[in-house]
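S.K.: Contents of my_file-v4.json (JSON, C-alpha atoms):
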```json
[["chain", "number", "residue", "atom", "x", "y", "z"],
["T", 1, "MET", "CA", 26.55, -14.14, -81.90],
["T", 2, "ALA", "CA", 27.59, -15.41, -85.29],
["T", 3, "PRO", "CA", 25.65, -13.86, -88.19],
["T", 4, "PRO", "CA", 23.15, -16.27, -89.78],
["T", 5, "ARG", "CA", 24.71, -18.09, -92.68],
["T", 6, "ALA", "CA", 22.90, -19.36, -95.73],
["T", 7, "VAL", "CA", 24.59, -22.74, -95.55],
["T", 8, "THR", "CA", 25.07, -24.09, -92.04],
["T", 9, "ALA", "CA", 25.82, -27.61, -93.11],
["T", 10, "THR", "CA", 29.44, -26.68, -93.93],
["T", 11, "LYS", "CA", 30.15, -25.64, -90.33],
["T", 12, "PRO", "CA", 30.87, -29.07, -88.88],
["T", 13, "LYS", "CA", 32.70, -30.00, -92.11],
["T", 14, "LYS", "CA", 35.06, -27.01, -91.63],
["T", 15, "LYS", "CA", 36.07, -28.11, -88.16],
["T", 16, "ALA", "CA", 37.16, -31.52, -89.37],
["T", 17, "ASP", "CA", 38.88, -29.96, -92.39],
["T", 18, "GLY", "CA", 40.92, -27.70, -90.14],
["T", 19, "LYS", "CA", 42.17, -30.60, -88.10],
["T", 20, "THR", "CA", 43.29, -32.61, -91.09],
["T", 21, "GLN", "CA", 44.96, -29.54, -92.58],
["T", 22, "ALA", "CA", 46.87, -28.92, -89.34],
["T", 23, "LEU", "CA", 48.09, -32.50, -89.27],
["T", 24, "LYS", "CA", 49.19, -32.21, -92.88],
["T", 25, "VAL", "CA", 51.22, -29.06, -92.22],
["T", 26, "ALA", "CA", 52.85, -30.55, -89.14],
["T", 27, "LYS", "CA", 53.95, -33.54, -91.18],
["T", 28, "ALA", "CA", 55.40, -31.30, -93.88],
["T", 29, "VAL", "CA", 57.35, -29.25, -91.34],
["T", 30, "LYS", "CA", 58.79, -32.39, -89.76],
["T", 31, "SER", "CA", 59.82, -33.80, -93.12],
["T", 32, "GLY", "CA", 61.44, -30.50, -94.13],
["T", 33, "SER", "CA", 59.66, -30.07, -97.44],
["T", 34, "ILE", "CA", 58.57, -26.51, -96.57],
["T", 35, "LYS", "CA", 61.22, -23.97, -97.48],
["T", 36, "ARG", "CA", 61.23, -20.81, -95.41],
["T", 37, "LYS", "CA", 61.28, -17.70, -97.56],
["T", 38, "SER", "CA", 64.69, -16.08, -96.93],
["T", 39, "LYS", "CA", 64.85, -12.34, -96.29],
["T", 40, "LYS", "CA", 66.66, -10.55, -99.11],
["T", 41, "ILE", "CA", 69.96, -9.05, -97.96],
["T", 42, "ARG", "CA", 70.60, -5.50, -99.11],
["T", 43, "THR", "CA", 74.21, -4.71, -99.85],
["T", 44, "SER", "CA", 73.66, -1.02, -100.78],
["T", 45, "VAL", "CA", 72.12, 1.88, -98.93],
["T", 46, "THR", "CA", 70.27, 3.25, -101.95],
["T", 47, "PHE", "CA", 67.10, 1.70, -103.31],
["T", 48, "HIS", "CA", 67.07, 1.34, -107.09],
["T", 49, "ARG", "CA", 63.89, 0.85, -109.08],
["T", 50, "PRO", "CA", 63.56, -2.85, -109.90],
["T", 51, "LYS", "CA", 63.39, -3.64, -113.61],
["T", 52, "THR", "CA", 59.88, -4.57, -114.71],
["T", 53, "LEU", "CA", 58.36, -5.86, -117.94],
["T", 54, "LYS", "CA", 58.26, -3.37, -120.82],
["T", 55, "LYS", "CA", 55.74, -4.32, -123.49],
["T", 56, "ALA", "CA", 56.03, -3.11, -127.05],
["T", 57, "ARG", "CA", 53.20, -1.05, -128.52],
["T", 58, "GLU", "CA", 50.27, -2.84, -130.14],
["T", 59, "PRO", "CA", 47.90, -0.07, -131.17],
["T", 60, "LYS", "CA", 44.30, -1.00, -131.84],
["T", 61, "TYR", "CA", 44.16, 1.59, -134.58],
["T", 62, "PRO", "CA", 46.77, 3.73, -136.30],
["T", 63, "ARG", "CA", 46.58, 7.34, -135.18],
["T", 64, "VAL", "CA", 47.21, 8.60, -138.72],
["T", 65, "SER", "CA", 45.33, 6.76, -141.43],
["T", 66, "ALA", "CA", 48.13, 6.95, -143.98],
["T", 67, "PRO", "CA", 51.68, 8.31, -143.65],
["T", 68, "GLY", "CA", 52.13, 11.61, -145.45],
["T", 69, "ARG", "CA", 53.92, 11.75, -148.79],
["T", 70, "ASN", "CA", 57.57, 12.86, -148.94],
["T", 71, "LYS", "CA", 57.32, 16.55, -149.70],
["T", 72, "LEU", "CA", 61.07, 17.02, -150.24],
["T", 73, "ASP", "CA", 61.60, 14.91, -153.34],
["T", 74, "GLN", "CA", 64.32, 15.57, -155.92],
["T", 75, "TYR", "CA", 62.14, 17.98, -157.85],
["T", 76, "GLN", "CA", 61.62, 20.07, -154.75],
["T", 77, "ILE", "CA", 65.25, 19.98, -153.62],
["T", 78, "LEU", "CA", 66.88, 21.30, -156.81],
["T", 79, "LYS", "CA", 65.10, 24.51, -157.60],
["T", 80, "TYR", "CA", 67.15, 25.83, -160.51],
["T", 81, "PRO", "CA", 70.77, 26.02, -161.66],
["T", 82, "LEU", "CA", 72.66, 29.30, -161.49],
["T", 83, "THR", "CA", 73.82, 30.93, -164.71],
["T", 84, "THR", "CA", 75.88, 33.81, -163.37],
["T", 85, "GLU", "CA", 79.37, 34.54, -164.67],
["T", 86, "SER", "CA", 81.07, 33.06, -161.62],
["T", 87, "ALA", "CA", 78.85, 29.97, -161.92],
["T", 88, "MET", "CA", 79.90, 29.61, -165.58],
["T", 89, "LYS", "CA", 83.53, 29.87, -164.53],
["T", 90, "LYS", "CA", 83.01, 27.06, -162.04],
["T", 91, "ILE", "CA", 81.51, 24.86, -164.76],
["T", 92, "GLU", "CA", 84.48, 25.29, -167.06],
["T", 93, "ASP", "CA", 87.36, 25.36, -164.61],
["T", 94, "ASN", "CA", 86.34, 23.27, -161.62],
["T", 95, "ASN", "CA", 83.94, 20.75, -163.18],
["T", 96, "THR", "CA", 81.18, 21.84, -160.82],
["T", 97, "LEU", "CA", 77.56, 22.79, -161.24],
["T", 98, "VAL", "CA", 75.94, 25.47, -159.11],
["T", 99, "PHE", "CA", 72.35, 25.09, -158.00],
["T", 100, "ILE", "CA", 69.90, 26.95, -155.88],
["T", 101, "VAL", "CA", 68.47, 24.31, -153.60],
["T", 102, "ASP", "CA", 65.76, 24.13, -150.99],
["T", 103, "LEU", "CA", 66.74, 25.44, -147.58],
["T", 104, "LYS", "CA", 65.76, 22.20, -145.89],
["T", 105, "ALA", "CA", 68.04, 20.08, -148.08],
["T", 106, "ASP", "CA", 71.34, 18.81, -146.73],
["T", 107, "LYS", "CA", 74.44, 17.75, -148.68],
["T", 108, "LYS", "CA", 73.50, 14.09, -148.75],
["T", 109, "MET", "CA", 70.04, 14.87, -150.08],
["T", 110, "ILE", "CA", 71.51, 17.17, -152.73],
["T", 111, "LYS", "CA", 73.95, 14.49, -153.87],
["T", 112, "ALA", "CA", 71.14, 11.95, -154.21],
["T", 113, "ALA", "CA", 68.84, 14.41, -155.96],
["T", 114, "VAL", "CA", 71.44, 15.39, -158.53],
["T", 115, "LYS", "CA", 72.09, 11.72, -159.23],
["T", 116, "LYS", "CA", 68.38, 11.07, -159.74],
["T", 117, "MET", "CA", 67.67, 14.09, -161.86],
["T", 118, "TYR", "CA", 70.65, 14.19, -164.24],
["T", 119, "GLU", "CA", 72.24, 10.73, -163.88],
["T", 120, "ILE", "CA", 75.56, 12.18, -162.77],
["T", 121, "GLN", "CA", 77.80, 11.37, -159.84],
["T", 122, "ALA", "CA", 78.81, 14.10, -157.44],
["T", 123, "LYS", "CA", 82.24, 13.95, -155.86],
["T", 124, "LYS", "CA", 81.46, 16.51, -153.19],
["T", 125, "VAL", "CA", 78.87, 19.15, -152.38],
["T", 126, "ASN", "CA", 79.56, 22.49, -150.76],
["T", 127, "THR", "CA", 76.65, 24.56, -149.54],
["T", 128, "LEU", "CA", 76.15, 28.08, -148.31],
["T", 129, "ILE", "CA", 73.14, 30.19, -147.45],
["T", 130, "ARG", "CA", 72.91, 33.40, -149.42],
["T", 131, "PRO", "CA", 72.05, 36.69, -147.81],
["T", 132, "ASP", "CA", 68.63, 36.60, -149.48],
["T", 133, "GLY", "CA", 67.81, 33.38, -147.63],
["T", 134, "LYS", "CA", 68.28, 30.85, -150.39],
["T", 135, "LYS", "CA", 70.71, 27.94, -150.28],
["T", 136, "LYS", "CA", 73.40, 27.64, -152.93],
["T", 137, "ALA", "CA", 75.05, 24.29, -153.61],
["T", 138, "TYR", "CA", 78.34, 23.80, -155.47],
["T", 139, "VAL", "CA", 78.19, 20.24, -156.80],
["T", 140, "LYS", "CA", 81.62, 19.00, -157.90],
["T", 141, "LEU", "CA", 81.30, 16.12, -160.34],
["T", 142, "THR", "CA", 83.55, 13.09, -160.58],
["T", 143, "PRO", "CA", 86.18, 13.25, -163.35],
["T", 144, "ASP", "CA", 84.31, 10.81, -165.58],
["T", 145, "TYR", "CA", 81.51, 13.35, -166.00],
["T", 146, "ASP", "CA", 82.04, 16.64, -167.81],
["T", 147, "ALA", "CA", 80.21, 19.59, -166.28],
["T", 148, "LEU", "CA", 80.08, 21.42, -169.61],
["T", 149, "ASP", "CA", 78.28, 18.57, -171.33],
["T", 150, "VAL", "CA", 75.84, 18.22, -168.48],
["T", 151, "ALA", "CA", 75.20, 21.97, -168.51],
["T", 152, "ASN", "CA", 74.42, 21.82, -172.22],
["T", 153, "LYS", "CA", 72.07, 18.92, -171.61],
["T", 154, "ILE", "CA", 70.25, 20.75, -168.82],
["T", 155, "GLY", "CA", 69.88, 23.91, -170.86],
["T", 156, "ILE", "CA", 72.22, 26.36, -169.19],
["T", 157, "ILE", "CA", 74.91, 27.51, -171.54],
["N", 158, "MET", "CA", 50.10, 19.54, -173.64],
["N", 159, "ALA", "CA", 46.33, 19.89, -173.51],
["N", 160, "ARG", "CA", 44.65, 21.44, -170.53],
["N", 161, "ILE", "CA", 44.28, 18.89, -167.73],
["N", 162, "LYS", "CA", 40.68, 18.05, -166.96],
["N", 163, "VAL", "CA", 39.91, 16.77, -163.50],
["N", 164, "HIS", "CA", 37.15, 14.39, -164.50],
["N", 165, "GLU", "CA", 39.65, 12.65, -166.75],
["N", 166, "LEU", "CA", 42.10, 12.43, -163.86],
["N", 167, "ARG", "CA", 39.53, 10.80, -161.62],
["N", 168, "GLY", "CA", 39.24, 7.89, -164.01],
["N", 169, "LYS", "CA", 42.92, 7.03, -163.78],
["N", 170, "ASN", "CA", 44.43, 4.68, -161.27],
["N", 171, "LYS", "CA", 47.13, 5.49, -158.73],
["N", 172, "ALA", "CA", 50.15, 4.44, -160.83],
["N", 173, "GLU", "CA", 49.03, 6.50, -163.80],
["N", 174, "LEU", "CA", 48.46, 9.53, -161.63],
["N", 175, "GLN", "CA", 51.90, 9.21, -160.07],
["N", 176, "GLY", "CA", 53.43, 8.92, -163.55],
["N", 177, "GLN", "CA", 51.59, 12.03, -164.72],
["N", 178, "LEU", "CA", 52.74, 13.85, -161.61],
["N", 179, "LYS", "CA", 56.35, 12.98, -162.38],
["N", 180, "ASP", "CA", 56.05, 14.24, -165.95],
["N", 181, "LEU", "CA", 54.54, 17.51, -164.81],
["N", 182, "LYS", "CA", 57.23, 18.04, -162.21],
["N", 183, "ALA", "CA", 59.98, 17.36, -164.74],
["N", 184, "GLU", "CA", 58.38, 19.86, -167.09],
["N", 185, "LEU", "CA", 58.23, 22.40, -164.33],
["N", 186, "SER", "CA", 61.94, 22.01, -163.61],
["N", 187, "LEU", "CA", 62.72, 22.62, -167.30],
["N", 188, "LEU", "CA", 60.57, 25.73, -167.27],
["N", 189, "ARG", "CA", 62.35, 27.00, -164.18],
["N", 190, "VAL", "CA", 65.70, 26.59, -165.93],
["N", 191, "ALA", "CA", 64.28, 28.50, -168.87],
["N", 192, "LYS", "CA", 63.21, 31.27, -166.54],
["N", 193, "VAL", "CA", 66.77, 31.65, -165.22],
["N", 194, "THR", "CA", 68.37, 31.55, -168.68],
["N", 195, "GLY", "CA", 65.98, 34.14, -170.05],
["N", 196, "GLY", "CA", 63.47, 31.95, -171.83],
["N", 197, "ALA", "CA", 60.70, 32.81, -174.25],
["N", 198, "PRO", "CA", 57.52, 34.37, -172.82],
["N", 199, "ASN", "CA", 55.38, 31.43, -173.92],
["N", 200, "LYS", "CA", 57.51, 29.22, -171.70],
["N", 201, "LEU", "CA", 57.36, 31.62, -168.80],
["N", 202, "SER", "CA", 53.59, 31.88, -168.90],
["N", 203, "LYS", "CA", 53.35, 28.10, -168.90],
["N", 204, "ILE", "CA", 54.83, 27.91, -165.41],
["N", 205, "LYS", "CA", 51.54, 28.87, -163.79],
["N", 206, "VAL", "CA", 49.60, 26.35, -165.88],
["N", 207, "VAL", "CA", 51.92, 23.51, -164.93],
["N", 208, "ARG", "CA", 51.88, 24.44, -161.26],
["N", 209, "THR", "CA", 48.09, 24.38, -161.11],
["N", 210, "SER", "CA", 47.96, 21.07, -162.97],
["N", 211, "ILE", "CA", 50.34, 19.58, -160.45],
["N", 212, "ALA", "CA", 48.03, 20.82, -157.71],
["N", 213, "ARG", "CA", 45.04, 19.23, -159.43],
["N", 214, "VAL", "CA", 46.76, 15.87, -159.75],
["N", 215, "LEU", "CA", 47.84, 15.94, -156.11],
["N", 216, "THR", "CA", 44.31, 16.80, -155.03],
["N", 217, "VAL", "CA", 42.85, 13.90, -156.97],
["N", 218, "ILE", "CA", 45.48, 11.53, -155.59],
["N", 219, "SER", "CA", 44.78, 12.52, -152.01],
["N", 220, "GLN", "CA", 41.02, 12.42, -152.46],
["N", 221, "LYS", "CA", 41.19, 8.93, -153.91],
["N", 222, "GLN", "CA", 43.45, 7.79, -151.10],
["N", 223, "LYS", "CA", 41.14, 9.21, -148.44],
["N", 224, "SER", "CA", 38.03, 7.62, -149.90],
["N", 225, "ALA", "CA", 39.79, 4.27, -150.22],
["N", 226, "LEU", "CA", 40.86, 4.46, -146.58],
["N", 227, "ARG", "CA", 37.34, 5.28, -145.46],
["N", 228, "GLU", "CA", 36.11, 2.24, -147.37],
["N", 229, "ALA", "CA", 38.72, 0.07, -145.67],
["N", 230, "TYR", "CA", 37.66, 1.28, -142.22],
["N", 231, "LYS", "CA", 33.94, 1.17, -143.01],
["N", 232, "ASN", "CA", 32.77, -1.37, -140.43],
["N", 233, "LYS", "CA", 35.54, -1.11, -137.92],
["N", 234, "LYS", "CA", 34.88, 0.17, -134.45],
["N", 235, "LEU", "CA", 37.98, 2.32, -133.98],
["N", 236, "LEU", "CA", 38.96, 4.77, -136.69],
["N", 237, "PRO", "CA", 42.19, 6.65, -137.16],
["N", 238, "LEU", "CA", 41.89, 10.16, -135.82],
["N", 239, "ASP", "CA", 41.88, 11.91, -139.18],
["N", 240, "LEU", "CA", 38.95, 9.82, -140.38],
["N", 241, "ARG", "CA", 36.82, 10.75, -137.37],
["N", 242, "PRO", "CA", 34.47, 13.74, -137.62],
["N", 243, "LYS", "CA", 36.41, 16.94, -137.05],
["N", 244, "LYS", "CA", 33.69, 19.47, -136.02],
["N", 245, "THR", "CA", 35.15, 21.39, -133.05],
["N", 246, "ARG", "CA", 37.10, 20.28, -130.00],
["N", 247, "ALA", "CA", 34.23, 21.12, -127.66],
["N", 248, "ILE", "CA", 31.67, 19.27, -129.75],
["N", 249, "ARG", "CA", 33.86, 16.19, -129.82],
["N", 250, "ARG", "CA", 33.95, 16.20, -126.04],
["N", 251, "ARG", "CA", 30.20, 16.47, -125.57],
["N", 252, "LEU", "CA", 28.08, 13.51, -124.42],
["N", 253, "THR", "CA", 26.83, 11.45, -127.30],
["N", 254, "LYS", "CA", 23.13, 11.28, -128.13],
["N", 255, "HIS", "CA", 22.98, 7.80, -126.65],
["N", 256, "GLN", "CA", 24.71, 8.86, -123.46],
["N", 257, "LEU", "CA", 22.26, 11.73, -122.98],
["N", 258, "SER", "CA", 19.28, 9.45, -123.42],
["N", 259, "LEU", "CA", 20.33, 7.00, -120.67],
["N", 260, "LYS", "CA", 18.04, 6.84, -117.62],
["N", 261, "THR", "CA", 18.34, 5.13, -114.28],
["N", 262, "GLU", "CA", 16.20, 2.10, -113.48],
["N", 263, "ARG", "CA", 14.40, 4.19, -110.90],
["N", 264, "GLU", "CA", 13.54, 6.85, -113.47],
["N", 265, "LYS", "CA", 12.32, 4.27, -115.95],
["N", 266, "LYS", "CA", 10.04, 2.72, -113.38],
["N", 267, "HIS", "CA", 8.70, 6.11, -112.37],
["N", 268, "GLU", "CA", 7.86, 6.91, -115.96],
["N", 269, "LYS", "CA", 6.19, 3.55, -116.39],
["N", 270, "TYR", "CA", 3.95, 3.77, -113.32],
["N", 271, "PHE", "CA", 3.27, 7.49, -113.33],
["N", 272, "PRO", "CA", 3.10, 8.60, -116.93],
["N", 273, "LEU", "CA", 2.08, 12.15, -117.78],
["N", 274, "ARG", "CA", -1.69, 11.98, -118.33],
["N", 275, "LYS", "CA", -3.65, 13.94, -120.85],
["N", 276, "TYR", "CA", -7.07, 15.16, -119.81],
["N", 277, "ALA", "CA", -9.74, 17.70, -120.70],
["N", 278, "VAL", "CA", -12.18, 19.64, -118.50],
["N", 279, "LYS", "CA", -15.91, 19.43, -119.31],
["N", 280, "GLU", "CA", -18.70, 22.09, -118.83],
["N", 281, "ILE", "CA", -16.51, 24.98, -117.85],
["N", 282, "ALA", "CA", -18.80, 27.54, -119.65],
["N", 283, "THR", "CA", -21.92, 27.03, -117.47],
["N", 284, "PHE", "CA", -19.87, 26.81, -114.28],
["N", 285, "PHE", "CA", -18.15, 30.10, -115.11],
["N", 286, "MET", "CA", -21.37, 31.93, -115.93],
["N", 287, "ASP", "CA", -23.01, 30.73, -112.69],
["N", 288, "THR", "CA", -20.19, 32.15, -110.62],
["N", 289, "VAL", "CA", -20.26, 35.44, -112.56],
["N", 290, "ASN", "CA", -24.03, 35.78, -112.14],
["N", 291, "SER", "CA", -23.89, 35.04, -108.41],
["N", 292, "TYR", "CA", -21.16, 37.69, -108.00],
["N", 293, "HIS", "CA", -23.26, 40.35, -109.77],
["N", 294, "LEU", "CA", -26.29, 39.60, -107.61],
["N", 295, "SER", "CA", -24.27, 39.93, -104.43],
["N", 296, "VAL", "CA", -22.75, 43.25, -105.55],
["N", 297, "LYS", "CA", -26.21, 44.64, -106.39],
["N", 298, "SER", "CA", -27.59, 43.75, -102.98],
["N", 299, "GLU", "CA", -24.69, 45.49, -101.26],
["N", 300, "THR", "CA", -25.14, 48.72, -103.17],
["N", 301, "LEU", "CA", -28.89, 48.73, -102.33],
["N", 302, "SER", "CA", -28.14, 48.36, -98.68],
["N", 303, "LEU", "CA", -25.68, 51.24, -98.81],
["N", 304, "GLY", "CA", -28.23, 53.46, -100.50],
["N", 305, "SER", "CA", -30.84, 52.80, -97.80],
["N", 306, "ASP", "CA", -28.48, 53.81, -95.02],
["N", 307, "HIS", "CA", -27.75, 57.15, -96.62]]
```
Any chance you could put this one into C-alpha cells?
M.R.:
Amino acid sequence: MAPPRAVTATKPKKKADGKTQALKVAKAVKSGSIKRKSKKIRTSVTFHRPKTLKKAREPKYPRVSAPGRNKLDQYQILKYPLTTESAMKKIEDNNTLVFIVDLKADKKMIKAAVKKMYEIQAKKVNTLIRPDGKKKAYVKLTPDYDALDVANKIGII
Amino acid sequence: MARIKVHELRGKNKAELQGQLKDLKAELSLLRVAKVTGGAPNKLSKIKVVRTSIARVLTVISQKQKSALREAYKNKKLLPLDLRPKKTRAIRRRLTKHQLSLKTEREKKHEKYFPLRKYAVKEIATFFMDTVNSYHLSVKSETLSLGSDH
C-alpha cells in the first residue's frame, strides 16, 4: 500500500510524463546524440593521487596584528671596534677594521651594517667566533677608503 | 642631553620617535667605543642613562602602535590573536556567558508554565500550640493510669 501523499493530483501527471520522457530518450539514442561515457584505460599498475585545485590563503584576520620590528639593525650588529695591538696592526698594514659583532650576524649583514654606519665600502669580511663566545669580524676596506682615517673618525686611535 | 621624560615622548608622532631612537642608538655606539678605548668616567656612566632612554622610547612606540591597532579593529568581528584577551588557556576555552545561558525550547516552556511560586503559611502559631497541648494532655492521662495500676 502506497503511503498517503499530500498531493495526489500529480500521480496521473507523472505517468504521462514518464511515457513522453521514454519516447524522447529513444529518439535521442536512435539519432546518436547521446555519447556513452568511455571507461578510462589505465596504462600503469600504480595509482597516483590526481591533482586537485589548490587555493591560495585568504585569511579573514591576520594572526599577528603587526609584524615585529627588526631587532638586528646596524646598531645591534656592530657592537664595538677592537683596539688591541694586533687590531691596530691590521688597520695600518692591511687596511682592515676589526669589530666585535653580534653572534647572529652573518658576513652579508656585517658588510651592509658597516656601509650604513660609517659610509665605507667593505671589500671582504672574515669572521670568527672567539673562545669567549663573541664574534669577531675583520672588515677589509676597498682601496679607495683608508682604514686609518676611518679609525680616527670613529674614535679608535 | 636632558633627561628624557615619558609624557613628552607620548606627545610626539611616530616619525619623531623613530628619529629620536636613531639618535640615541648612535650615541650609545659612540659611548661603547669610548668604553673600549678607555673613556672618561662621565661618558661611561652615561651608558646606563642612554640605554634606559632607548627602552623608554621603544615602550612608547609599541604602546602607541598597539592602541592604534586596537582602534582600527574596534568594530570588527575577528581580531588578531594578540589583541584578544589573554587570561589563561583554560579560561579561553571555557563556554562563554551567552553559551552557558542558552536553554532548550522544552526548558523555556517548562519555566513559563511552571514557574517557581512564592508562598507563605498562615496561622502556624495556634496550630502548633494546639498540637503541643493535646500531646501534654495525652501524656498526663497515661501516667495517671500507670499510677493506678501500681
S.K.: Residues of chain T within 8 Å of chain N, counting all atoms listed in the file, what are they? List them as a ChimeraX atom specification.
M.R.: /T:60-65,75,79-83,154-156
S.K.: Now that the selection is made, can you save its residues with C-alpha atoms as a compact mmCIF listing (two decimals), keeping the file's coordinate frame?
M.R.:
```
# COMPACT_ATOMS: atom_id res chain seq x y z
CA LYS T 60 44.30 -1.00 -131.84
CA TYR T 61 44.16 1.59 -134.58
CA PRO T 62 46.77 3.73 -136.30
CA ARG T 63 46.58 7.34 -135.18
CA VAL T 64 47.21 8.60 -138.72
CA SER T 65 45.33 6.76 -141.43
CA TYR T 75 62.14 17.98 -157.85
CA LYS T 79 65.10 24.51 -157.60
CA TYR T 80 67.15 25.83 -160.51
CA PRO T 81 70.77 26.02 -161.66
CA LEU T 82 72.66 29.30 -161.49
CA THR T 83 73.82 30.93 -164.71
CA ILE T 154 70.25 20.75 -168.82
CA GLY T 155 69.88 23.91 -170.86
CA ILE T 156 72.22 26.36 -169.19
```
S.K.: When you look at N:Ile204 with a cut-off of 9 Å (counting all atoms listed in the file), what residues show up, excluding the ones that are within fewer than 2 positions of it in the same chain? I need them as JSON, numbers by chain.
M.R.: {"N": [184, 185, 188, 189, 200, 201, 202, 206, 207, 208, 209]}
S.K.: Atom CA of T:Lys153 and atom CA of T:Ile129 are how many Å apart?
M.R.: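 Distance between the two atoms: 26.7 Å.
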S.K.: Rounded to one decimal place, report the atom CA of T:Gln76-atom CA of T:Leu148 distance in Å.
M.R.: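 Atom CA of T:Leu148 lies 23.7 Å from atom CA of T:Gln76.
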S.K.: Separation of atom CA of T:Lys140 and atom CA of T:Lys90, in Å?
M.R.: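 One can read the atom CA of T:Lys140 to atom CA of T:Lys90 distance as 9.2 Å.
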S.K.: T:Ser86: which residues within 12 Å, counting all atoms listed in the file, same-chain residues fewer than 5 positions away excluded, as a PyMOL selection string?
M.R.: chain T and resi 91-94+96-98+138
